[in-house]
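To start, the structure itself, in structure tokens.
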Amino acid sequence: MLADFQQALADLTASPELCIAVRADASLLSSRYVLSEREARRLLEIARHPGMACACTVYRMNRLAPLAMNLRDTLRALGSALRPLISDYWRDHPQGHAHFFIESNRFCRWLRLRIEEGEIVPPDVLPLLERDAAAVRAAIAASCTETPLE
Amino acid sequence: MTHRPRVGLLYNPTTPELLEHAPTLVEHLSVMPDRLWFDFGQDAMHGRRFHRVHDAIDRVAGDAAGRTLAGHGLGLSLPSAMLLDEAMVAAVAAMSRDLGGFAWYSEHLNLFITPKGGVPNSQAGLGLPVIYDEEAFTLIADKLRALARSLGCRVLLENGSFFTPVPDLDISEPEFLNRLHREGLSGTLLDLHNLLVNARNGGADPVAYLESLDLNTVEEVHLAGGDDDEGFYMDSHSSLTPGVVWELAYAYLPRCQNLRAITFEYQESYFEDLGLPGLTAELERMHALAEACSRVEGGAHAS
């Protein structure tokens with residue numbers, strides 16, 4: 001089924017862990033997606049292709065881009081905590097938003113909630129997050145350039 | 001009457017400075033509607049999904065005066081097994097009207113959106129590869145018909161770049177593009193640098209690709225440069241067109257009877273590195289290539 005093939009391809013690109021799991025156990029594909037035998041074979045070959053590592057890296061670079069542009073200080077303050085946190089965020093929000101400020105705002109809200117729930121982050125993260133989040137909210141407001149519909 | 005393809009640029013925020021420096025060298029602009037609006041998504045505030053960046057649109061309109069202008073989109077993801085994004089098509093059509101009408105409009109032959117997610121594309125240009133078979137043909141053909149109807153202009157599809165080729169295809173990408181053209185559905189935007197990207201990352205040989213492509217399908221060409229990263233070659237638009245791409249251009253473009261524009265793509269964050277002298281020299285080189293592609297209407301080369 002084409003839709004499932006495409007979704008599986010996107011999921012593999014988004015998750016090096018899934019690629020590794022599929023390489024080890026190809027039956028994972030048919031348990032998660034509705035695929036023809038040929039589609040499953042193609043996906044397995046793609047998951048095993050050396051270019052998949054690069055595709056996964058570029059996926060992460062592209063998803064990180066809006067946050068790096070708009071939340072530079074917060075990300076820098078997170079330091080080594082960033083990598084596991086960002087992976088969790090992408091797991092919770094597999095679809096990035098085309099509007100970079102909305103994507104950044106969503107991450108701010110997600111991170112604040114995680115901190116409120118007890119996530120331990122360096123002490124300077126919270127004030128920087130508040131500052132960056134305020135700037136992002138202002139940018140979202142500024143990007144509303146059309147008059148509201150009645 | 002002599003026909004010569006125009007020399008152009010893919011518009012970005014640094015383009016006005018380059019146009020000011022070398023106004024007569026740029027005869028064509030391609031503009032990405034996706035970069036001239038904020039897309040608030042389906043759950044948009046106040047029911048308005050697209051909010052236009054009015055000053056940027058005004059700037060493009062001014063810079064396009066006296067030049068041909070084409071639209072170049074990313075967001076429709078035509079190969080996706082989903083319905084055509086009608087709201088975005090309407091926004092592209094409105095943008096075209098705002099800018100005086102696109103001479104043509106192009107989209108990528110890559111997958112950027114899936115039913116439950118997507119693959120974000122930014123400067124590194126990650127799109128996923130497409131299965132070329134009957135199902136994909138029907139899906140894309142239907143969307144191309146609707147798109148051409150809404151925009152009222154010719155639609156082109158660009159060959160994509162990717163890191164993981166799909167194995168065991170029914171037909172190749174050039175054969176797929178040939179068939180779309182044969183059935184009157186689209187022309188080809190041939191990105192010669194993408195051919196190099198794919199070849200460097202384990203995909204098809206560019207010469208074999210170009211030998212399979214009906215060169216009459218080609219209506220626009222993209223030139224660009226990339227860079228190496230951890231053993232892979234990236235379509236980063238970070239450098240001038242590499243020599244091997246120029247060689248392909250001179251070998252094949254003079255045979256493209258319907259070529260309308262040769263367009264250089266660079267990413268604006270590399271503008272300072274590329275420099276005005278470097279970009280000007282690139283445009284001059286493109287003019288020499290365009291001259292080599294000149295022909296007398298009816299088929300003979302002007303030279």
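So you can find residues: chains in the structure tokens are A, B, ... in the order shown, residues in each start at 1, and ligands are numbered from 1 in order.
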
Residues of chain A within 7 Å of chain B, only C-alpha atoms counted, as a list of chain:residue names:
A:Leu2, A:Ala3, A:Gln6, A:Gln7, A:Ala10, A:Arg42, A:Ile46, A:His49, A:Gly51, A:Met52, A:Cys54, A:Ala55, A:Val58, A:Tyr59, A:Asn62, A:Arg63, A:Pro94, A:Gln95, A:Gly96, A:Ala98, A:His99, A:Ser143, A:Cys144, A:Thr145, A:Glu146, A:Pro148, A:Leu149

Contact residues around Phe101 in chain A with only C-alpha atoms at 7 Å, ignoring same-chain residues under 6 positions, as a list of chain:residue names:
A:Val136, A:Ala139, A:Ile140

Could the residues in this selection be saved with N, CA and C atoms as a short mmCIF file (atom, residue, chain, number, x, y, z; two decimals), in the first residue's frame?
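Wrote again-v3.cif, looks like this:
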```cif
data_model
loop_
_atom_site.label_atom_id
_atom_site.label_comp_id
_atom_site.auth_asym_id
_atom_site.auth_seq_id
_atom_site.Cartn_x
_atom_site.Cartn_y
_atom_site.Cartn_z
N VAL A 136 9.75 34.54 20.44
CA VAL A 136 9.06 33.72 19.43
C VAL A 136 7.58 34.07 19.36
N ALA A 139 7.21 37.15 17.48
CA ALA A 139 7.43 36.93 16.04
C ALA A 139 6.20 36.28 15.40
N ILE A 140 5.53 35.40 16.13
CA ILE A 140 4.31 34.79 15.60
C ILE A 140 3.26 35.88 15.39
#
```

Need to verify the contact set: range 236-247 of chain B, 10 Å, only C-alpha atoms, exclusion of same-chain residues closer than 6 positions in sequence. Can you return it as JSON, numbers by chain?
{"B": [122, 123, 124, 125, 126, 191, 192, 193, 194, 195, 196, 197, 206, 222, 223, 224, 225, 226, 227, 228, 264, 265, 266, 267, 268, 269, 270, 271, 273, 274, 278, 279, 281, 282, 285, 286, 289]}

Tell me, as a PyMOL selection string, which residues lie within 9 Å of Asp124 in chain A, counting only C-alpha atoms; anything in the same chain fewer than 4 positions away does not count.
chain A and resi 74+77-78+128-129

Residue subset to file, keeping N, CA and C atoms, as a CSV table (one decimal), in the first residue's frame:
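Result file result05.csv:
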```
chain,number,residue,atom,x,y,z
A,74,THR,N,18.8,29.1,24.4
A,74,THR,CA,18.2,28.0,25.1
A,74,THR,C,18.9,26.7,24.8
A,77,ALA,N,22.4,26.5,26.2
A,77,ALA,CA,22.4,26.3,27.6
A,77,ALA,C,22.0,24.9,28.0
A,78,LEU,N,21.2,24.2,27.2
A,78,LEU,CA,20.9,22.8,27.4
A,78,LEU,C,22.1,21.9,27.4
A,128,LEU,N,16.5,31.7,30.1
A,128,LEU,CA,16.7,31.8,28.7
A,128,LEU,C,15.5,31.3,27.9
A,129,LEU,N,14.9,30.2,28.3
A,129,LEU,CA,13.8,29.7,27.7
A,129,LEU,C,12.6,30.7,27.7
```

Find the residues near range 213-215 of chain B: any atom within 8 Å, counting only C-alpha atoms, skip ones fewer than 2 places away on the same chain, and give them as a list in words.
Pro174, Glu175, Leu177, Asn178, Tyr209, Leu210, Glu211, Thr217, Val218, Tyr252, Arg255, Cys256 and Gln257 of chain B

Let's see if you can do this: from backbone DSSP, list all strand (DSSP E or B) residues in range 234-294 of chain B, as a compact mmCIF listing (two decimals) with C-alpha atoms, in the first residue's frame.
```txt
# COMPACT_ATOMS: atom_id res chain seq x y z
CA MET B 234 25.20 17.33 -0.12
CA ASP B 235 22.94 19.45 -2.29
CA SER B 236 23.66 22.40 -0.02
CA HIS B 237 23.73 25.15 -2.68
CA SER B 238 26.86 26.35 -0.95
CA SER B 239 29.24 26.77 -3.87
CA ALA B 261 15.88 29.29 -18.71
CA ILE B 262 19.11 28.30 -17.02
CA THR B 263 18.83 29.12 -13.32
CA PHE B 264 21.54 29.20 -10.66
```

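For the choices A:Ala81, A:Ile120, A:Val34, A:Leu71, the atom-to-atom distance to Asp4 in chain A is smallest for A:Val34 when using only C-alpha atoms.
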